[in-house]
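Enquirer: Sharing a structure, written as structure tokens. Questions coming.
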Number of protein chains: 2
Amino acid sequence: MFDGDRPAKWGYNLVMKFCSTCGEPVELKVPTGDNRERFVCNSCATIHYQNPRIITGCLPVWNDQVLMCKRAIDPRRGYWTLPAGFLENGESIATGAARETEEEANARVYELELYTVFSLPHISQAYMFFRAMLEDLDFSAGFESLEVRLFTEHEVPWDDLAFPVIKQSLEFYFEDRKNGSFPVRSREIDLKRKR
Amino acid sequence: MFDGDRPAKWGYNLVMKFCSTCGEPVELKVPTGDNRERFVCNSCATIHYQNPRIITGCLPVWNDQVLMCKRAIDPRRGYWTLPAGFLENGESIATGAARETEEEANARVYELELYTVFSLPHISQAYMFFRAMLEDLDFSAGFESLEVRLFTEHEVPWDDLAFPVIKQSLEFYFEDRKNGSFPVRSREIDLKRKR
């Protein structure tokens, strides 16, 4: 999932009112020896750090086609995406990418190779996509997808893609396919909330 | 910083006792429609997600030497490391790497190129190092370093490196230098808390 269930938190420090350790009110301030505002508990002194999240996904390949999902959830419901979602604690980045592919497209992949890395500071996210081989054609829409299907380059719904990182990853892929060489692509996308 | 100020949280879900939104007690349970345990507030229904963190850093290069820092903080105080630390909200991954290099080594870098990506599921961290050019020799130990210096390949204190990701990044670098080609290296390291 892309976190349709927590859109309000996207890219922002999640507002804290109470200390999760002792239950007393917290205050937003710069802790001693630090240079950034954090939520700090004046009662038990706990500093509550908040950091960017990783979204991991796959670019599943079948011959000259790629597998995509039509989003069933906000944001960008009805737009096409690659299967991806938040990396979970205790999970490797590649394992998370395969899990999201299974969850959103009921599809199994192998030979995952890191391919694109995007830094999105405006929403405090990092996206990482793996090229992956689709195991078979036994796929279907998962809970968060309206539809799942394969696209050749010319069939890709370029005007109906969910996010810039999806468009960019697909563009890199179809370009690199011409040479048969897929170096890891690292980019910063800073849209200041614009799509 | 490598987070010397919050070692107790490394790799674990941070234990929550109270809801940071409403201050009532939380419970660890699998929310409806989910398949993982989260801290959930039974009073206001907030689900408190916790996700892996990104540690970003540089491999600063000066001719045939690399810049390293001797750690002044736990864990691994007294061992050698590359300048790196937690990516902050609102910050690009490369910007974070340069900031940490400035903080730990009082050094400025340019031409940052993503080089190594490590997934460390056992501690819920992802490490990302950038090759970078050192701007000048005006560097010195920052607050979290005991000493900062340049090392040629043969001078590197291989037995006194702070973390496996440091050793691996340096090994990749000196090997790739022979060919003058530095493809992004992506690895999973799962040590189950062993070093």
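Order determines the names: the first chain of the structure tokens is A, the second B, and so forth; residues in each chain are numbered 1 upward, and ligands are numbered 1 upward as they are shown.
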Show me, as a PyMOL selection string, every residue of chain A with an atom at most 9 Å from chain B, counting only C-alpha atoms.
Expert: chain A and resi 11-13+15-26+50-54+86-94+113-114+118-126+183-186+188-190
Enquirer: If you count only C-alpha atoms, which residues fall within 6 Å of A:Phe39, apart from same-chain ones fewer than 3 positions away, as a VMD selection string?
Expert: chain A and resid 26 to 28 48
Enquirer: So which residues of stretch 42-185 of chain A fall under strand (DSSP E) by DSSP, listed as a PyMOL selection string?
Expert: chain A and resi 47-48+53-62+65-71+80-81+84-86+109-120+125-134+145-151+185
Enquirer: With a distance cut-off of 6 Å and only C-alpha atoms, select the neighbouring residues of stretch 64-68 of chain A, excluding the residue or stretch itself and same-chain residues fewer than 3 positions from it, and output the selection as an mmCIF file with all heavy atoms, in the first residue's frame.
Expert:
```cif
data_model
loop_
_atom_site.group_PDB
_atom_site.id
_atom_site.type_symbol
_atom_site.label_atom_id
_atom_site.label_comp_id
_atom_site.auth_asym_id
_atom_site.auth_seq_id
_atom_site.Cartn_x
_atom_site.Cartn_y
_atom_site.Cartn_z
ATOM 1 N N PRO A 60 7.592 -5.290 -12.137
ATOM 2 C CA PRO A 60 7.560 -6.701 -12.531
ATOM 3 C C PRO A 60 7.503 -6.829 -14.060
ATOM 4 O O PRO A 60 6.679 -6.192 -14.716
ATOM 5 C CB PRO A 60 6.264 -7.227 -11.906
ATOM 6 C CG PRO A 60 5.789 -6.146 -10.964
ATOM 7 C CD PRO A 60 6.317 -4.869 -11.547
ATOM 8 N N VAL A 61 8.403 -7.649 -14.588
ATOM 9 C CA VAL A 61 8.568 -7.762 -16.041
ATOM 10 C C VAL A 61 8.148 -9.145 -16.548
ATOM 11 O O VAL A 61 8.440 -10.172 -15.916
ATOM 12 C CB VAL A 61 10.050 -7.514 -16.414
ATOM 13 C CG1 VAL A 61 10.292 -7.780 -17.898
ATOM 14 C CG2 VAL A 61 10.460 -6.094 -16.038
ATOM 15 N N THR A 81 -0.249 2.480 -11.124
ATOM 16 C CA THR A 81 0.966 2.521 -10.320
ATOM 17 C C THR A 81 1.725 1.204 -10.436
ATOM 18 O O THR A 81 1.205 0.228 -10.982
ATOM 19 C CB THR A 81 0.599 2.795 -8.841
ATOM 20 O OG1 THR A 81 1.785 3.064 -8.101
ATOM 21 C CG2 THR A 81 -0.123 1.612 -8.209
ATOM 22 N N LEU A 82 2.942 1.196 -9.929
ATOM 23 C CA LEU A 82 3.656 -0.061 -9.740
ATOM 24 C C LEU A 82 3.377 -0.519 -8.316
ATOM 25 O O LEU A 82 3.187 0.310 -7.427
ATOM 26 C CB LEU A 82 5.168 0.149 -9.943
ATOM 27 C CG LEU A 82 5.595 0.524 -11.370
ATOM 28 C CD1 LEU A 82 7.049 0.996 -11.378
ATOM 29 C CD2 LEU A 82 5.412 -0.668 -12.320
ATOM 30 N N VAL A 148 -5.416 -5.164 -12.404
ATOM 31 C CA VAL A 148 -3.988 -5.412 -12.576
ATOM 32 C C VAL A 148 -3.783 -5.966 -13.979
ATOM 33 O O VAL A 148 -4.499 -6.893 -14.382
ATOM 34 C CB VAL A 148 -3.465 -6.428 -11.529
ATOM 35 C CG1 VAL A 148 -2.015 -6.804 -11.819
ATOM 36 C CG2 VAL A 148 -3.580 -5.864 -10.126
ATOM 37 N N ARG A 149 -2.845 -5.395 -14.719
ATOM 38 C CA ARG A 149 -2.613 -5.942 -16.056
ATOM 39 C C ARG A 149 -1.200 -5.649 -16.556
ATOM 40 O O ARG A 149 -0.461 -4.840 -15.971
ATOM 41 C CB ARG A 149 -3.646 -5.436 -17.060
ATOM 42 C CG ARG A 149 -3.724 -3.941 -17.228
ATOM 43 C CD ARG A 149 -4.404 -3.557 -18.539
ATOM 44 N NE ARG A 149 -3.493 -3.705 -19.663
ATOM 45 C CZ ARG A 149 -3.677 -3.141 -20.865
ATOM 46 N NH1 ARG A 149 -4.770 -2.445 -21.108
ATOM 47 N NH2 ARG A 149 -2.794 -3.293 -21.827
ATOM 48 N N LEU A 150 -0.853 -6.315 -17.645
ATOM 49 C CA LEU A 150 0.451 -6.131 -18.273
ATOM 50 C C LEU A 150 0.348 -5.079 -19.380
ATOM 51 O O LEU A 150 -0.677 -4.995 -20.066
ATOM 52 C CB LEU A 150 0.942 -7.455 -18.875
ATOM 53 C CG LEU A 150 1.323 -8.548 -17.867
ATOM 54 C CD1 LEU A 150 1.425 -9.906 -18.563
ATOM 55 C CD2 LEU A 150 2.637 -8.201 -17.171
ATOM 56 N N PHE A 151 1.411 -4.283 -19.512
ATOM 57 C CA PHE A 151 1.453 -3.253 -20.545
ATOM 58 C C PHE A 151 2.765 -3.332 -21.317
ATOM 59 O O PHE A 151 3.826 -3.446 -20.705
ATOM 60 C CB PHE A 151 1.412 -1.849 -19.920
ATOM 61 C CG PHE A 151 0.129 -1.499 -19.227
ATOM 62 C CD1 PHE A 151 -0.019 -1.702 -17.856
ATOM 63 C CD2 PHE A 151 -0.927 -0.943 -19.944
ATOM 64 C CE1 PHE A 151 -1.199 -1.364 -17.210
ATOM 65 C CE2 PHE A 151 -2.111 -0.591 -19.291
ATOM 66 C CZ PHE A 151 -2.251 -0.811 -17.925
ATOM 67 N N THR A 152 2.696 -3.223 -22.633
ATOM 68 C CA THR A 152 3.920 -2.964 -23.397
ATOM 69 C C THR A 152 4.197 -1.470 -23.269
ATOM 70 O O THR A 152 3.358 -0.710 -22.776
ATOM 71 C CB THR A 152 3.747 -3.299 -24.896
ATOM 72 O OG1 THR A 152 2.736 -2.429 -25.429
ATOM 73 C CG2 THR A 152 3.335 -4.757 -25.101
#
```
Enquirer: Provide the atom CA of B:Ala162 to atom CA of B:Lys70 distance in Å, to one decimal place.
Expert: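 About the pair atom CA of B:Ala162 and atom CA of B:Lys70: they are 8.6 Å apart.
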Enquirer: One number please: atom CA of A:Asp34 to atom CA of B:Arg99, in Å, one decimal.
Expert: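 Answer for the atom CA of A:Asp34 to atom CA of B:Arg99 separation: 13.5 Å.
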Enquirer: Excluding B:Met133 and its own-chain neighbours fewer than 2 positions away, which residues fall within 8 Å of it when counting only C-alpha atoms? Please give them as an mmCIF file with N, CA, C and O atoms, in the first residue's frame.
Expert:
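Below you can see around-v4.cif, which holds the result:
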```cif
data_model
loop_
_atom_site.group_PDB
_atom_site.id
_atom_site.type_symbol
_atom_site.label_atom_id
_atom_site.label_comp_id
_atom_site.auth_asym_id
_atom_site.auth_seq_id
_atom_site.Cartn_x
_atom_site.Cartn_y
_atom_site.Cartn_z
ATOM 1 N N PRO B 60 34.079 10.070 1.573
ATOM 2 C CA PRO B 60 34.751 11.248 1.013
ATOM 3 C C PRO B 60 36.145 10.872 0.503
ATOM 4 O O PRO B 60 36.925 10.253 1.211
ATOM 5 N N VAL B 61 36.418 11.279 -0.743
ATOM 6 C CA VAL B 61 37.652 10.872 -1.415
ATOM 7 C C VAL B 61 38.565 12.067 -1.654
ATOM 8 O O VAL B 61 38.108 13.151 -2.043
ATOM 9 N N TRP B 62 39.860 11.864 -1.404
ATOM 10 C CA TRP B 62 40.892 12.867 -1.716
ATOM 11 C C TRP B 62 42.052 12.109 -2.365
ATOM 12 O O TRP B 62 42.750 11.370 -1.704
ATOM 13 N N VAL B 109 31.860 18.370 1.004
ATOM 14 C CA VAL B 109 31.985 17.444 -0.120
ATOM 15 C C VAL B 109 31.126 17.912 -1.295
ATOM 16 O O VAL B 109 30.194 18.690 -1.121
ATOM 17 N N TYR B 110 31.474 17.420 -2.497
ATOM 18 C CA TYR B 110 30.683 17.740 -3.688
ATOM 19 C C TYR B 110 30.672 16.525 -4.616
ATOM 20 O O TYR B 110 31.397 15.560 -4.383
ATOM 21 N N GLU B 111 29.864 16.631 -5.676
ATOM 22 C CA GLU B 111 29.718 15.508 -6.623
ATOM 23 C C GLU B 111 29.365 14.206 -5.915
ATOM 24 O O GLU B 111 30.015 13.176 -6.111
ATOM 25 N N LEU B 112 28.321 14.245 -5.111
ATOM 26 C CA LEU B 112 27.877 13.038 -4.419
ATOM 27 C C LEU B 112 27.196 12.082 -5.398
ATOM 28 O O LEU B 112 26.313 12.482 -6.157
ATOM 29 N N ARG B 131 29.583 8.162 -2.749
ATOM 30 C CA ARG B 131 30.948 8.582 -3.040
ATOM 31 C C ARG B 131 30.907 10.100 -3.190
ATOM 32 O O ARG B 131 29.950 10.654 -3.734
ATOM 33 N N GLU B 135 36.257 18.667 -0.627
ATOM 34 C CA GLU B 135 36.492 19.977 -1.233
ATOM 35 C C GLU B 135 37.906 20.493 -0.959
ATOM 36 O O GLU B 135 38.547 21.092 -1.816
#
```
Enquirer: May I ask for the distance between atom CA of A:Gly142 and atom CA of A:Thr56, given in Å to one decimal place?
Expert: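 Going from atom CA of A:Gly142 over to atom CA of A:Thr56, I get 16.9 Å.
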Enquirer: Can you tell me, as a compact mmCIF listing (two decimals) with N, CA, C and O atoms, in the first residue's frame, what residues are no more than 12 Å from A:Glu171 when counting only C-alpha atoms, ignoring any on the same chain fewer than 2 positions away?
Expert:
```txt
# COMPACT_ATOMS: atom_id res chain seq x y z
N LEU A 59 9.07 -3.38 -10.24
CA LEU A 59 8.72 -3.17 -11.63
C LEU A 59 8.75 -4.59 -12.21
O LEU A 59 9.80 -5.06 -12.66
N VAL A 66 5.25 -4.86 -18.69
CA VAL A 66 5.41 -4.62 -17.25
C VAL A 66 4.03 -4.70 -16.57
O VAL A 66 3.00 -4.37 -17.18
N THR A 116 15.67 1.83 -9.15
CA THR A 116 15.54 3.28 -8.98
C THR A 116 15.46 3.64 -7.49
O THR A 116 14.85 2.91 -6.69
N GLU A 153 5.37 -1.05 -23.73
CA GLU A 153 5.72 0.38 -23.62
C GLU A 153 4.64 1.28 -24.22
O GLU A 153 4.27 2.30 -23.66
N HIS A 154 4.11 0.88 -25.38
CA HIS A 154 3.16 1.75 -26.07
C HIS A 154 1.77 1.70 -25.44
O HIS A 154 0.96 2.60 -25.66
N VAL A 156 1.34 1.59 -22.10
CA VAL A 156 1.38 2.24 -20.77
C VAL A 156 0.50 3.49 -20.77
O VAL A 156 0.61 4.33 -21.66
N TRP A 158 0.39 6.58 -19.99
CA TRP A 158 1.33 7.61 -19.54
C TRP A 158 0.65 8.81 -18.91
O TRP A 158 1.22 9.48 -18.05
N LEU A 161 -0.79 7.99 -14.84
CA LEU A 161 0.08 7.36 -13.85
C LEU A 161 -0.10 8.07 -12.51
O LEU A 161 -0.32 9.28 -12.45
N PRO A 164 4.88 10.78 -9.91
CA PRO A 164 6.07 11.04 -10.74
C PRO A 164 7.12 9.92 -10.68
O PRO A 164 7.77 9.63 -11.68
N VAL A 165 7.28 9.31 -9.51
CA VAL A 165 8.30 8.24 -9.40
C VAL A 165 7.94 7.04 -10.28
O VAL A 165 8.82 6.29 -10.71
N ILE A 166 6.66 6.84 -10.53
CA ILE A 166 6.21 5.73 -11.38
C ILE A 166 6.58 6.04 -12.83
O ILE A 166 7.19 5.22 -13.53
N LYS A 167 6.24 7.25 -13.27
CA LYS A 167 6.54 7.66 -14.64
C LYS A 167 8.05 7.60 -14.90
O LYS A 167 8.50 7.04 -15.90
N GLN A 168 8.80 8.14 -13.95
CA GLN A 168 10.25 8.18 -14.12
C GLN A 168 10.86 6.78 -14.18
O GLN A 168 11.73 6.50 -15.00
N SER A 169 10.39 5.89 -13.31
CA SER A 169 10.91 4.52 -13.30
C SER A 169 10.61 3.81 -14.62
O SER A 169 11.46 3.09 -15.17
N TYR A 173 13.21 2.51 -17.47
CA TYR A 173 13.20 1.10 -17.83
C TYR A 173 13.13 0.88 -19.34
O TYR A 173 13.93 0.14 -19.92
N PHE A 174 12.19 1.55 -19.97
CA PHE A 174 12.02 1.31 -21.41
C PHE A 174 13.21 1.87 -22.20
O PHE A 174 13.56 1.36 -23.26
N GLU A 175 13.85 2.91 -21.66
CA GLU A 175 15.05 3.45 -22.29
C GLU A 175 16.22 2.47 -22.13
O GLU A 175 16.92 2.15 -23.10
N ASP A 176 16.40 1.98 -20.91
CA ASP A 176 17.53 1.07 -20.64
C ASP A 176 17.38 -0.27 -21.34
O ASP A 176 18.37 -0.94 -21.64
N ARG A 177 16.14 -0.66 -21.57
CA ARG A 177 15.89 -1.93 -22.25
C ARG A 177 16.52 -1.98 -23.64
O ARG A 177 16.93 -3.03 -24.11
N LYS A 178 16.61 -0.80 -24.25
CA LYS A 178 17.21 -0.75 -25.60
C LYS A 178 18.65 -1.21 -25.58
O LYS A 178 19.15 -1.77 -26.54
N PHE A 182 20.97 -1.97 -17.07
CA PHE A 182 20.07 -1.30 -16.14
C PHE A 182 20.80 -0.78 -14.90
O PHE A 182 20.64 -1.31 -13.81
N ARG A 185 19.42 3.93 -10.87
CA ARG A 185 19.15 5.34 -11.13
C ARG A 185 18.74 6.01 -9.83
O ARG A 185 17.78 5.58 -9.19
```
Enquirer: Which residues in stretch 16-113 of chain A does DSSP call helix (DSSP H, G or I)? List them as an mmCIF file with N, CA and C atoms, in the first residue's frame.
Expert:
```cif
data_model
loop_
_atom_site.group_PDB
_atom_site.id
_atom_site.type_symbol
_atom_site.label_atom_id
_atom_site.label_comp_id
_atom_site.auth_asym_id
_atom_site.auth_seq_id
_atom_site.Cartn_x
_atom_site.Cartn_y
_atom_site.Cartn_z
ATOM 1 N N ILE A 93 14.568 -4.597 2.302
ATOM 2 C CA ILE A 93 13.934 -3.725 1.302
ATOM 3 C C ILE A 93 13.384 -4.564 0.149
ATOM 4 N N ALA A 94 14.141 -5.569 -0.280
ATOM 5 C CA ALA A 94 13.687 -6.433 -1.379
ATOM 6 C C ALA A 94 12.499 -7.293 -0.944
ATOM 7 N N THR A 95 12.552 -7.806 0.262
ATOM 8 C CA THR A 95 11.440 -8.613 0.772
ATOM 9 C C THR A 95 10.155 -7.791 0.823
ATOM 10 N N GLY A 96 10.280 -6.542 1.238
ATOM 11 C CA GLY A 96 9.119 -5.658 1.282
ATOM 12 C C GLY A 96 8.548 -5.415 -0.107
ATOM 13 N N ALA A 97 9.439 -5.271 -1.101
ATOM 14 C CA ALA A 97 8.990 -5.035 -2.481
ATOM 15 C C ALA A 97 8.205 -6.247 -2.999
ATOM 16 N N ALA A 98 8.702 -7.435 -2.708
ATOM 17 C CA ALA A 98 8.015 -8.660 -3.140
ATOM 18 C C ALA A 98 6.683 -8.819 -2.408
ATOM 19 N N ARG A 99 6.670 -8.496 -1.125
ATOM 20 C CA ARG A 99 5.429 -8.586 -0.348
ATOM 21 C C ARG A 99 4.359 -7.667 -0.912
ATOM 22 N N GLU A 100 4.723 -6.433 -1.218
ATOM 23 C CA GLU A 100 3.749 -5.490 -1.758
ATOM 24 C C GLU A 100 3.225 -5.962 -3.122
ATOM 25 N N THR A 101 4.077 -6.603 -3.901
ATOM 26 C CA THR A 101 3.666 -7.115 -5.208
ATOM 27 C C THR A 101 2.662 -8.244 -5.033
ATOM 28 N N GLU A 102 2.903 -9.055 -4.026
ATOM 29 C CA GLU A 102 1.966 -10.138 -3.704
ATOM 30 C C GLU A 102 0.638 -9.557 -3.206
ATOM 31 N N GLU A 103 0.713 -8.547 -2.332
ATOM 32 C CA GLU A 103 -0.505 -7.986 -1.741
ATOM 33 C C GLU A 103 -1.362 -7.232 -2.756
ATOM 34 N N GLU A 104 -0.723 -6.452 -3.617
ATOM 35 C CA GLU A 104 -1.482 -5.565 -4.508
ATOM 36 C C GLU A 104 -1.831 -6.203 -5.845
ATOM 37 N N ALA A 105 -1.051 -7.206 -6.245
ATOM 38 C CA ALA A 105 -1.288 -7.799 -7.566
ATOM 39 C C ALA A 105 -1.404 -9.323 -7.501
#
```
